[in-house]
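Structure, as structure tokens:
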Amino acid sequence: MGTTLLQVIDLKVLRENPEIVRASQRARGEDEGVVDSLLSADERRRSAISRADTLRAEQKVLGKEVGKAKGDERAALLVKAKDLAAEVKAAEAEQNATAEEVNALLAKIPNLVHPDAPVGGEDDYRVIKTVGEPRRFDFEPQDHLDLGTKLGAIDMERGAKVGGSRFYFLKGVGAQLELALLNMAAAQATANGFELMITPTLVRPEIMAGTGFLGAHSSEIYHLPADDLYLVGTSEVPLAGYHADEILDGERRYAGWSSCYRREAGSYGKDTRGIIRVHQFNKVEMFSYVKPEDAEAEHARLLGWEEEMLAKIEVPYRVIDTATGDLGTSAHRKFDCEAWVPTQQKYRELTSTSNCTTFQARRLNVRYRDDNGKTQIAATLNGTLATTRWIVAILENHQNADGSVTVPQALRPFMGTDVLTPR
């Protein structure tokens, strides 16, 4: 059996308009030379396929001739058949070798970026809009950790004792607040047609690779070598794999509730205080399967649902269009919603929504039938509805001078109280 070719990007686009791929690589700050290497390897692969096909056809014809021949003629044809079999074997080996080379190069190419995404690095985002004004306090505001500690909501010290740095306990009203948030997110998702899912948090390598997380960001992921399983950093991963190797009969929307794990490699010294950047957190994530032509409209809908959730917790926020050099491997375009954190005097990311076009579904072989009954590659999108980090924005923005925290109106039915009071 020959080596299966990874369909990471559309090779037809690469062959017919390689400059689109080169431009995307440049915008991401990635090596554009890989495009020419890939084109060359693809040409050699197709040439090897053609040669192998031709030789197999000759082999078939020769086999019929051998069957009819007798005596010396048959002996000569058998010698020729042996030589031809060796040539076929060599051609197939070349076909497999070139396919492996193409796969290795394909794996280096992330999704093509959206032409309207701002070009640049982490700080080159474009602010799309700002909603709400930062609150002016008539007292010195406390940060979320001081508030959470006095409320009996967060215990970092014992979290570090049990799990090490960047682990924590949410307890009492802290645990209640997280569950209230996630339940509010789940209620909103189901009201908008999403099917609620509690997903596996361990996945197989082919599922993790299929979503694009085993490339440049593999250092962020916890791996269990004894089982060859990966801990997910988002329920996007199991939800992307949910329909792997299937043909869908229509669009699908899921809301995945899961614990998430991130190594936070390379973040030494950053956000070490509190629960902004931690190794484990909980999240409700929207995930959509749609037709590629509907992906941009779906992306706008996901962003709208994220903003609806942010309005419910009554915090100032802004929406940014993430720059190309700061996009994940699978993202075509990404919008982040960042809430104002008073004690840091800056906006911090609370939600993210990415249009992954056909990148993930192509890898995971998720298809649908078009109006003509022909199978096509689906598009996938994801978007955050709530995470543990939201507690930071709620505590800091709704704190009172006495250290109590007013619970946002929409959250009260899920929380069962109007005010969180220090112990």
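Residues in the structure tokens are numbered from 1 in each chain, the chains being A, B, ... in the order shown, and ligands are numbered from 1 in the order shown.
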
Report as a PyMOL selection string all protein, DNA and RNA residues lying within 6 Å of stretch 97-113 of chain A, evaluated on only C-alpha atoms, omitting residues in the same chain fewer than 5 positions from it. chain A and resi 6+24+38+41+45+329-330+332

Write out as a ChimeraX atom specification each polymer residue whose atoms come within 7 Å of A:Ala386, counting only C-alpha atoms; drop sequence neighbours fewer than 5 positions from it. /A:181-182,185,283-284

Strand (DSSP E or B) call set, DSSP backbone run, stretch 312-356 of chain A, as an MDAnalysis selection string: chainID A and resid 317:321 333:341 346:355

Output file for the residues above (N, CA and C atoms, as a short mmCIF file (atom, residue, chain, number, x, y, z; two decimals), in the first residue's frame):
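Now in result_3.cif:
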data_model
loop_
_atom_site.label_atom_id
_atom_site.label_comp_id
_atom_site.auth_asym_id
_atom_site.auth_seq_id
_atom_site.Cartn_x
_atom_site.Cartn_y
_atom_site.Cartn_z
N TYR A 317 -14.96 45.88 27.39
CA TYR A 317 -14.12 44.99 26.58
C TYR A 317 -13.88 45.60 25.21
N ARG A 318 -12.93 45.02 24.51
CA ARG A 318 -12.69 45.40 23.12
C ARG A 318 -12.56 44.14 22.28
N VAL A 319 -12.79 44.29 20.99
CA VAL A 319 -12.65 43.19 20.04
C VAL A 319 -11.47 43.51 19.14
N ILE A 320 -10.55 42.57 19.00
CA ILE A 320 -9.40 42.79 18.13
C ILE A 320 -9.34 41.75 17.02
N ASP A 321 -8.82 42.18 15.88
CA ASP A 321 -8.53 41.31 14.74
C ASP A 321 -7.07 40.92 14.88
N ARG A 333 -8.41 33.26 10.27
CA ARG A 333 -8.60 34.58 10.88
C ARG A 333 -9.09 34.36 12.29
N LYS A 334 -8.72 35.27 13.20
CA LYS A 334 -9.09 35.11 14.60
C LYS A 334 -9.46 36.45 15.21
N PHE A 335 -10.59 36.48 15.90
CA PHE A 335 -11.02 37.66 16.65
C PHE A 335 -10.94 37.33 18.14
N ASP A 336 -10.33 38.22 18.91
CA ASP A 336 -10.28 38.07 20.36
C ASP A 336 -11.13 39.14 21.02
N CYS A 337 -11.80 38.78 22.10
CA CYS A 337 -12.47 39.76 22.96
C CYS A 337 -11.64 39.87 24.24
N GLU A 338 -11.25 41.09 24.56
CA GLU A 338 -10.39 41.33 25.71
C GLU A 338 -11.12 42.22 26.71
N ALA A 339 -11.19 41.77 27.96
CA ALA A 339 -11.86 42.53 29.01
C ALA A 339 -10.86 43.43 29.74
N TRP A 340 -11.35 44.55 30.22
CA TRP A 340 -10.52 45.49 30.98
C TRP A 340 -10.27 44.92 32.37
N VAL A 341 -8.99 44.90 32.77
CA VAL A 341 -8.60 44.45 34.11
C VAL A 341 -8.08 45.68 34.86
N LYS A 346 -5.09 47.39 31.72
CA LYS A 346 -5.03 46.95 30.33
C LYS A 346 -6.09 45.90 30.06
N TYR A 347 -6.29 45.64 28.77
CA TYR A 347 -7.25 44.62 28.34
C TYR A 347 -6.55 43.27 28.28
N ARG A 348 -7.26 42.23 28.74
CA ARG A 348 -6.72 40.87 28.70
C ARG A 348 -7.73 39.95 28.02
N GLU A 349 -7.22 39.02 27.24
CA GLU A 349 -8.08 38.13 26.45
C GLU A 349 -8.99 37.28 27.32
N LEU A 350 -10.28 37.29 26.98
CA LEU A 350 -11.24 36.39 27.61
C LEU A 350 -11.80 35.38 26.61
N THR A 351 -11.99 35.81 25.37
CA THR A 351 -12.51 34.88 24.37
C THR A 351 -11.70 34.98 23.09
N SER A 352 -11.81 33.93 22.31
CA SER A 352 -11.15 33.88 21.01
C SER A 352 -12.04 33.08 20.08
N THR A 353 -12.19 33.54 18.84
CA THR A 353 -12.94 32.75 17.85
C THR A 353 -12.15 32.69 16.56
N SER A 354 -11.97 31.50 16.04
CA SER A 354 -11.16 31.29 14.85
C SER A 354 -11.95 30.62 13.74
N ASN A 355 -11.75 31.11 12.53
CA ASN A 355 -12.24 30.45 11.32
C ASN A 355 -11.09 29.61 10.80
#

Contacts of stretch 257-272 of chain A within 10 Å, only C-alpha atoms, excl. fewer than 4 positions in-chain, as an MDAnalysis selection string: chainID A and resid 165:166 182:183 185:186 196:202 217:223 230:236 238 276:286 385:388

Please identify all polymer residues within 12 Å of stretch 57-64 of chain A, counting only C-alpha atoms, omitting same-chain residues fewer than 3 positions from it, and present them as a PyMOL selection string. chain A and resi 50-54+67-69+74+76-89

Write the residues you've just listed into a file as an mmCIF file, in the first residue's frame, and include C-alpha atoms for each of them.
data_model
loop_
_atom_site.group_PDB
_atom_site.id
_atom_site.type_symbol
_atom_site.label_atom_id
_atom_site.label_comp_id
_atom_site.auth_asym_id
_atom_site.auth_seq_id
_atom_site.Cartn_x
_atom_site.Cartn_y
_atom_site.Cartn_z
ATOM 1 C CA SER A 50 2.803 8.231 -13.613
ATOM 2 C CA ARG A 51 5.834 5.986 -14.084
ATOM 3 C CA ALA A 52 4.487 3.388 -11.637
ATOM 4 C CA ASP A 53 1.085 3.407 -13.374
ATOM 5 C CA THR A 54 2.709 2.990 -16.807
ATOM 6 C CA GLY A 67 -0.084 -16.826 -20.429
ATOM 7 C CA LYS A 68 -0.305 -17.388 -24.181
ATOM 8 C CA ALA A 69 3.396 -18.037 -24.906
ATOM 9 C CA ARG A 74 7.650 -17.940 -22.649
ATOM 10 C CA ALA A 76 12.156 -14.928 -22.444
ATOM 11 C CA LEU A 77 8.920 -13.236 -21.445
ATOM 12 C CA LEU A 78 9.290 -14.531 -17.876
ATOM 13 C CA VAL A 79 12.769 -12.974 -17.664
ATOM 14 C CA LYS A 80 11.312 -9.712 -18.952
ATOM 15 C CA ALA A 81 8.433 -9.970 -16.440
ATOM 16 C CA LYS A 82 10.932 -10.418 -13.599
ATOM 17 C CA ASP A 83 12.869 -7.323 -14.680
ATOM 18 C CA LEU A 84 9.617 -5.375 -15.065
ATOM 19 C CA ALA A 85 8.485 -6.436 -11.586
ATOM 20 C CA ALA A 86 11.722 -5.026 -10.163
ATOM 21 C CA GLU A 87 11.109 -1.754 -12.027
ATOM 22 C CA VAL A 88 7.544 -1.569 -10.666
ATOM 23 C CA LYS A 89 8.827 -2.160 -7.148
#

Where in stretch 250-348 of chain A does DSSP assign helix (DSSP H, G or I), given as a list in words?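 The residues of stretch 250-348 of chain A classed as helix (DSSP H, G or I) are Pro292, Glu293, Asp294, Ala295, Glu296, Ala297, Glu298, His299, Ala300, Arg301, Leu302, Leu303, Gly304, Trp305, Glu306, Glu307, Glu308, Met309, Leu310, Ala311, Lys312, Thr324, Gly325 and Asp326 of chain A.
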
Go through A:Leu381, A:Ala401, A:Ile275, A:Val237 and flag the residue nearest A:His144, using only C-alpha atoms for the distances. A:Ile275

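Coordinates place atom CA of A:Val131 at a distance of 16.7 Å from atom CA of A:Ala300.
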
For a test of reading the model, state the distance in Å between atom CA of A:Phe213 and atom CA of A:Gly328, rounded to one decimal.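 Taking atom CA of A:Phe213 and atom CA of A:Gly328, their separation equals 8.2 Å.
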
What is the distance between atom CA of A:Lys150 and atom CA of A:Pro422, in Å to one decimal?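 Going from atom CA of A:Lys150 over to atom CA of A:Pro422 covers 5.3 Å.
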
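Of the listed residues A:Thr149, A:Gln176, A:Thr421, A:Thr375, the one whose atoms come nearest to A:Thr406 is A:Thr421, with distances taken using only C-alpha atoms.
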
Selected residue of minimal separation from A:Thr322 among A:Asp371, A:Glu122, A:Asp143, A:Glu178, counting only C-alpha atoms: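 Closest to A:Thr322, using only C-alpha atoms: A:Glu122.
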
In terms of the shortest atom-to-atom distance over only C-alpha atoms, which of A:Ala175, A:Ile394, A:Tyr242, A:Pro205 is closest to A:Pro225? A:Pro205
